[in-house]
Every structure is written in structure tokens, then in C-alpha cells.
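Structure below is upload.pdb: PDB, C-alpha atoms, pLDDT in the B column.
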ATOM      1  CA  MET A   1       8.832  16.526   5.315  1.00 41.00           C
ATOM      2  CA  MET A   2       6.094  14.235   6.569  1.00 44.00           C
ATOM      3  CA  ARG A   3       6.397  12.517   9.929  1.00 44.00           C
ATOM      4  CA  GLN A   4       7.331   8.872   9.646  1.00 47.00           C
ATOM      5  CA  ASP A   5       5.860   7.554  12.892  1.00 50.00           C
ATOM      6  CA  GLY A   6       2.511   9.261  13.073  1.00 68.00           C
ATOM      7  CA  ASP A   7      -0.904   8.974  11.607  1.00 91.00           C
ATOM      8  CA  LEU A   8      -1.290   6.586   8.671  1.00 97.00           C
ATOM      9  CA  GLU A   9      -2.942   9.381   6.719  1.00 95.00           C
ATOM     10  CA  ASN A  10       0.473  11.090   6.541  1.00 94.00           C
ATOM     11  CA  ILE A  11       1.380   8.471   3.931  1.00 96.00           C
ATOM     12  CA  PRO A  12       0.718   9.642   0.370  1.00 94.00           C
ATOM     13  CA  GLY A  13      -2.288   7.814  -1.069  1.00 92.00           C
ATOM     14  CA  ILE A  14      -3.734   6.875   2.312  1.00 96.00           C
ATOM     15  CA  GLY A  15      -6.954   8.515   3.344  1.00 95.00           C
ATOM     16  CA  LYS A  16      -9.550   7.659   5.928  1.00 95.00           C
ATOM     17  CA  LYS A  17     -10.840   4.478   4.207  1.00 96.00           C
ATOM     18  CA  ILE A  18      -7.433   2.843   3.681  1.00 97.00           C
ATOM     19  CA  SER A  19      -6.355   3.916   7.168  1.00 96.00           C
ATOM     20  CA  GLU A  20      -9.442   2.129   8.534  1.00 96.00           C
ATOM     21  CA  LYS A  21      -8.594  -0.998   6.516  1.00 96.00           C
ATOM     22  CA  LEU A  22      -5.089  -1.022   7.999  1.00 97.00           C
ATOM     23  CA  ASN A  23      -6.554  -0.551  11.491  1.00 96.00           C
ATOM     24  CA  GLU A  24      -8.802  -3.579  10.876  1.00 96.00           C
ATOM     25  CA  ILE A  25      -5.702  -5.750  10.385  1.00 97.00           C
ATOM     26  CA  GLY A  26      -3.809  -4.346  13.359  1.00 97.00           C
ATOM     27  CA  VAL A  27      -1.775  -1.494  11.851  1.00 97.00           C
ATOM     28  CA  TYR A  28      -2.307   1.842  13.589  1.00 97.00           C
ATOM     29  CA  LYS A  29       0.772   3.928  12.838  1.00 96.00           C
ATOM     30  CA  VAL A  30       3.385   4.358  10.133  1.00 97.00           C
ATOM     31  CA  SER A  31       6.205   2.674  12.064  1.00 96.00           C
ATOM     32  CA  GLU A  32       4.169  -0.544  12.335  1.00 97.00           C
ATOM     33  CA  LEU A  33       4.479  -0.981   8.567  1.00 98.00           C
ATOM     34  CA  LYS A  34       8.275  -1.361   8.707  1.00 97.00           C
ATOM     35  CA  GLY A  35       9.289  -4.894   7.789  1.00 97.00           C
ATOM     36  CA  LYS A  36       5.769  -5.878   6.754  1.00 98.00           C
ATOM     37  CA  ASP A  37       5.051  -7.735   3.528  1.00 98.00           C
ATOM     38  CA  PRO A  38       2.366  -5.822   1.593  1.00 98.00           C
ATOM     39  CA  GLU A  39       1.122  -9.099   0.082  1.00 98.00           C
ATOM     40  CA  ASP A  40       0.611 -10.540   3.577  1.00 98.00           C
ATOM     41  CA  LEU A  41      -1.271  -7.421   4.690  1.00 98.00           C
ATOM     42  CA  TYR A  42      -3.479  -7.673   1.601  1.00 98.00           C
ATOM     43  CA  ARG A  43      -4.210 -11.396   2.142  1.00 98.00           C
ATOM     44  CA  LYS A  44      -4.958 -10.754   5.816  1.00 98.00           C
ATOM     45  CA  LEU A  45      -7.494  -8.083   4.842  1.00 98.00           C
ATOM     46  CA  GLU A  46      -9.108 -10.417   2.278  1.00 98.00           C
ATOM     47  CA  LEU A  47      -9.368 -13.194   4.870  1.00 97.00           C
ATOM     48  CA  GLN A  48     -10.812 -10.834   7.438  1.00 95.00           C
ATOM     49  CA  LYS A  49     -13.381  -9.475   4.977  1.00 95.00           C
ATOM     50  CA  GLY A  50     -14.136 -12.936   3.584  1.00 97.00           C
ATOM     51  CA  LYS A  51     -14.114 -11.694   0.004  1.00 96.00           C
ATOM     52  CA  PRO A  52     -11.719 -10.468  -2.681  1.00 96.00           C
ATOM     53  CA  ILE A  53     -10.420  -6.918  -2.246  1.00 96.00           C
ATOM     54  CA  ASP A  54      -9.590  -4.579  -5.134  1.00 97.00           C
ATOM     55  CA  ARG A  55      -5.902  -4.998  -6.092  1.00 97.00           C
ATOM     56  CA  CYS A  56      -5.474  -1.233  -5.888  1.00 97.00           C
ATOM     57  CA  VAL A  57      -5.460  -1.710  -2.109  1.00 97.00           C
ATOM     58  CA  LEU A  58      -2.389  -3.938  -2.505  1.00 98.00           C
ATOM     59  CA  TYR A  59      -0.677  -1.217  -4.538  1.00 98.00           C
ATOM     60  CA  VAL A  60      -1.406   1.311  -1.786  1.00 98.00           C
ATOM     61  CA  PHE A  61      -0.024  -1.129   0.813  1.00 98.00           C
ATOM     62  CA  ARG A  62       3.185  -1.496  -1.243  1.00 98.00           C
ATOM     63  CA  CYS A  63       3.553   2.272  -1.367  1.00 98.00           C
ATOM     64  CA  ALA A  64       2.853   2.572   2.364  1.00 98.00           C
ATOM     65  CA  VAL A  65       5.510   0.017   3.317  1.00 98.00           C
ATOM     66  CA  TYR A  66       8.018   1.793   1.044  1.00 98.00           C
ATOM     67  CA  PHE A  67       7.187   5.097   2.762  1.00 98.00           C
ATOM     68  CA  ALA A  68       7.571   3.589   6.239  1.00 97.00           C
ATOM     69  CA  GLU A  69      10.867   1.848   5.505  1.00 97.00           C
ATOM     70  CA  ASN A  70      12.683   4.759   3.862  1.00 97.00           C
ATOM     71  CA  GLU A  71      13.618   8.197   5.130  1.00 94.00           C
ATOM     72  CA  LYS A  72      14.329   9.573   1.664  1.00 96.00           C
ATOM     73  CA  HIS A  73      11.658   8.915  -0.944  1.00 97.00           C
ATOM     74  CA  ASP A  74      11.678   8.843  -4.720  1.00 97.00           C
ATOM     75  CA  PRO A  75       8.679  11.097  -5.511  1.00 97.00           C
ATOM     76  CA  SER A  76       7.477   8.722  -8.235  1.00 97.00           C
ATOM     77  CA  LEU A  77       7.334   5.865  -5.712  1.00 97.00           C
ATOM     78  CA  LEU A  78       4.992   7.860  -3.481  1.00 97.00           C
ATOM     79  CA  LYS A  79       2.266   7.408  -6.089  1.00 97.00           C
ATOM     80  CA  TRP A  80       0.409   4.133  -5.428  1.00 96.00           C
ATOM     81  CA  TRP A  81      -0.243   3.467  -9.124  1.00 96.00           C
ATOM     82  CA  ASN A  82       3.500   3.091  -9.663  1.00 97.00           C
ATOM     83  CA  TRP A  83       3.315  -0.044  -7.485  1.00 97.00           C
ATOM     84  CA  LYS A  84       1.037  -2.000  -9.844  1.00 97.00           C
ATOM     85  CA  ASP A  85       1.901  -5.562 -10.826  1.00 92.00           C
ATOM     86  CA  ARG A  86       4.422  -5.316 -13.650  1.00 83.00           C
ATOM     87  CA  ASP A  87       3.329  -8.482 -15.434  1.00 66.00           C
ATOM     88  CA  GLN A  88      -0.290  -7.276 -15.597  1.00 57.00           C
ATOM     89  CA  GLU A  89       0.790  -3.928 -17.015  1.00 52.00           C
ATOM     90  CA  ALA A  90       3.012  -5.633 -19.606  1.00 48.00           C
ATOM     91  CA  GLY A  91       0.091  -7.857 -20.606  1.00 46.00           C
ATOM     92  CA  LYS A  92      -2.153  -4.853 -21.109  1.00 49.00           C
ATOM     93  CA  ARG A  93       0.444  -3.144 -23.308  1.00 43.00           C
ATOM     94  CA  ASP A  94       0.999  -6.316 -25.345  1.00 45.00           C
ATOM     95  CA  SER A  95      -2.711  -6.746 -25.994  1.00 42.00           C
ATOM     96  CA  PHE A  96      -2.868  -3.334 -27.672  1.00 43.00           C
ATOM     97  CA  SER A  97       0.146  -3.764 -29.945  1.00 39.00           C
TER
END
Would you write out, as C-alpha cells, the structure that this file holds?
Amino acid sequence: MMRQDGDLENIPGIGKKISEKLNEIGVYKVSELKGKDPEDLYRKLELQKGKPIDRCVLYVFRCAVYFAENEKHDPSLLKWWNWKDRDQEAGKRDSFS
């Protein structure tokens, strides 16, 4: 089992680049993600960078907060792509039918 309070790179889907992005907005360890709103973290990063950030970063933030807030994890929810916006995914499916 992965440590909950350590290095951000212990979170599935978080490597050096995303860890650095979290550091830029004041998050340095897993426990600091507890109770955070992934949308707020994403907006804070966009404001700090002064430009739009790829939405995949938001999906990774959602996954990271889930990881931090739960001791037992659904393996499918440890994959960042399972945290995509549902309405966007539904729209993509509808456009191909």
C-alpha cells in the first residue's frame, strides 16, 4: 500500500511535472490535498500561470484529492482518465451515434 502522507509522486498519475505544478500552488504533500476542491486548485494554477491549462490536469487533481481523502481506493478511480467531465464524454459519444 502506498503512503498517504508522503511525496506527491506516490499518488497514481502524478509524476514530476504535476508534482511541480502542485508545489507552485502551495501543495507539497499528499495530506495537504485532503478537503481541497480540485476545481479550485485548477483555477488557482490557471491564474498563477496566466493562461488556460489542459483539462487533463484537472482530472489528475480530482484523482489526487480522491487518493488523499480515502484510505481504501477503488482501483478504477486511481486512473486519472476516469475523472473526466461526464457531460463532455456524453457529448462525444452522442456526436458519433
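Residues selected in this file by the PyMOL selection byres ((chain A and resi 37) around 12) comprise A:Glu32, A:Leu33, A:Lys34, A:Gly35, A:Lys36, A:Pro38, A:Glu39, A:Asp40, A:Leu41, A:Tyr42, A:Arg43, A:Lys44, A:Leu58, A:Tyr59, A:Phe61, A:Arg62, A:Cys63, A:Ala64, A:Val65, A:Tyr66, A:Ala68, A:Glu69.
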Written file, previous selection with C-alpha atoms, as an mmCIF file, in the coordinates of the input:
data_model
loop_
_atom_site.group_PDB
_atom_site.id
_atom_site.type_symbol
_atom_site.label_atom_id
_atom_site.label_comp_id
_atom_site.auth_asym_id
_atom_site.auth_seq_id
_atom_site.Cartn_x
_atom_site.Cartn_y
_atom_site.Cartn_z
ATOM 1 C CA GLU A 32 4.169 -0.544 12.335
ATOM 2 C CA LEU A 33 4.479 -0.981 8.567
ATOM 3 C CA LYS A 34 8.275 -1.361 8.707
ATOM 4 C CA GLY A 35 9.289 -4.894 7.789
ATOM 5 C CA LYS A 36 5.769 -5.878 6.754
ATOM 6 C CA PRO A 38 2.366 -5.822 1.593
ATOM 7 C CA GLU A 39 1.122 -9.099 0.082
ATOM 8 C CA ASP A 40 0.611 -10.540 3.577
ATOM 9 C CA LEU A 41 -1.271 -7.421 4.690
ATOM 10 C CA TYR A 42 -3.479 -7.673 1.601
ATOM 11 C CA ARG A 43 -4.210 -11.396 2.142
ATOM 12 C CA LYS A 44 -4.958 -10.754 5.816
ATOM 13 C CA LEU A 58 -2.389 -3.938 -2.505
ATOM 14 C CA TYR A 59 -0.677 -1.217 -4.538
ATOM 15 C CA PHE A 61 -0.024 -1.129 0.813
ATOM 16 C CA ARG A 62 3.185 -1.496 -1.243
ATOM 17 C CA CYS A 63 3.553 2.272 -1.367
ATOM 18 C CA ALA A 64 2.853 2.572 2.364
ATOM 19 C CA VAL A 65 5.510 0.017 3.317
ATOM 20 C CA TYR A 66 8.018 1.793 1.044
ATOM 21 C CA ALA A 68 7.571 3.589 6.239
ATOM 22 C CA GLU A 69 10.867 1.848 5.505
#
*Quick one: distance from CA of Ile11 (chain A) to CA of Glu46 (chain A) in Å, one decimal?*
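Separation between CA of Ile11 (chain A) and CA of Glu46 (chain A): 21.7 Å.
Across the structure, CA of Glu9 (chain A) and CA of Lys79 (chain A) are spaced 14.0 Å apart.
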*If you count only C-alpha atoms, which residues fall within 8 Å of Gly13 (chain A), apart from same-chain ones fewer than 6 positions away, as a PyMOL selection string?*
chain A and resi 60+78-80
_Separation of CA of Leu8 (chain A) from CA of Val57 (chain A) in Å_ = 14.2 Å
Enclosing box along x, y and z for every listed atom of region 71-90 of chain A, padded 8 Å each side, centre and size in Å, one decimal, as AutoDock Vina command-line options:
--center_x 7.0 --center_y 1.3 --center_z -7.2 --size_x 30.6 --size_y 35.6 --size_z 40.7
_Using all atoms listed in the file, can you tell me which of A:Asn82, A:Ser31, A:Ile18, A:Gln48 comes closest to Asn70 (chain A)?_
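Ranked by minimum distance to Asn70 (chain A), first place goes to A:Ser31.
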How about completing region 52-76 of chain A with N, CA and C atoms and giving it to me as a CSV table (one decimal), in the coordinates of the input?
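Now in selection37.csv:
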chain,number,residue,atom,x,y,z
A,52,PRO,N,-12.8,-11.1,-2.0
A,52,PRO,CA,-11.7,-10.5,-2.7
A,52,PRO,C,-11.8,-8.9,-2.5
A,53,ILE,N,-10.6,-8.4,-2.4
A,53,ILE,CA,-10.4,-6.9,-2.2
A,53,ILE,C,-9.8,-6.4,-3.5
A,54,ASP,N,-10.2,-5.2,-3.9
A,54,ASP,CA,-9.6,-4.6,-5.1
A,54,ASP,C,-8.1,-4.6,-5.0
A,55,ARG,N,-7.4,-4.9,-6.1
A,55,ARG,CA,-5.9,-5.0,-6.1
A,55,ARG,C,-5.3,-3.6,-5.9
A,56,CYS,N,-6.0,-2.6,-6.1
A,56,CYS,CA,-5.5,-1.2,-5.9
A,56,CYS,C,-5.1,-1.1,-4.4
A,57,VAL,N,-5.8,-1.8,-3.5
A,57,VAL,CA,-5.5,-1.7,-2.1
A,57,VAL,C,-4.1,-2.3,-1.9
A,58,LEU,N,-3.7,-3.4,-2.6
A,58,LEU,CA,-2.4,-3.9,-2.5
A,58,LEU,C,-1.4,-2.9,-3.0
A,59,TYR,N,-1.6,-2.2,-4.0
A,59,TYR,CA,-0.7,-1.2,-4.5
A,59,TYR,C,-0.5,-0.1,-3.5
A,60,VAL,N,-1.5,0.3,-2.8
A,60,VAL,CA,-1.4,1.3,-1.8
A,60,VAL,C,-0.6,0.8,-0.6
A,61,PHE,N,-0.8,-0.5,-0.3
A,61,PHE,CA,0.0,-1.1,0.8
A,61,PHE,C,1.5,-1.2,0.5
A,62,ARG,N,1.8,-1.5,-0.8
A,62,ARG,CA,3.2,-1.5,-1.2
A,62,ARG,C,3.8,-0.1,-1.1
A,63,CYS,N,3.1,0.9,-1.5
A,63,CYS,CA,3.6,2.3,-1.4
A,63,CYS,C,3.7,2.6,0.1
A,64,ALA,N,2.8,2.2,0.9
A,64,ALA,CA,2.9,2.6,2.4
A,64,ALA,C,4.1,1.9,3.1
A,65,VAL,N,4.4,0.7,2.7
A,65,VAL,CA,5.5,0.0,3.3
A,65,VAL,C,6.8,0.7,2.8
A,66,TYR,N,6.9,1.1,1.6
A,66,TYR,CA,8.0,1.8,1.0
A,66,TYR,C,8.2,3.1,1.8
A,67,PHE,N,7.1,3.8,2.0
A,67,PHE,CA,7.2,5.1,2.8
A,67,PHE,C,7.7,4.9,4.2
A,68,ALA,N,7.2,3.9,4.8
A,68,ALA,CA,7.6,3.6,6.2
A,68,ALA,C,9.0,3.2,6.4
A,69,GLU,N,9.5,2.4,5.4
A,69,GLU,CA,10.9,1.8,5.5
A,69,GLU,C,12.0,2.8,5.0
A,70,ASN,N,11.7,3.9,4.4
A,70,ASN,CA,12.7,4.8,3.9
A,70,ASN,C,12.5,6.2,4.4
A,71,GLU,N,13.7,6.8,4.7
A,71,GLU,CA,13.6,8.2,5.1
A,71,GLU,C,13.6,9.1,3.9
A,72,LYS,N,14.3,8.8,2.9
A,72,LYS,CA,14.3,9.6,1.7
A,72,LYS,C,13.5,8.8,0.7
A,73,HIS,N,12.6,9.6,0.0
A,73,HIS,CA,11.7,8.9,-0.9
A,73,HIS,C,11.8,9.4,-2.4
A,74,ASP,N,11.8,8.5,-3.3
A,74,ASP,CA,11.7,8.8,-4.7
A,74,ASP,C,10.2,9.3,-4.9
A,75,PRO,N,10.0,10.6,-5.4
A,75,PRO,CA,8.7,11.1,-5.5
A,75,PRO,C,7.8,10.2,-6.4
A,76,SER,N,8.3,9.6,-7.4
A,76,SER,CA,7.5,8.7,-8.2
A,76,SER,C,7.0,7.5,-7.5
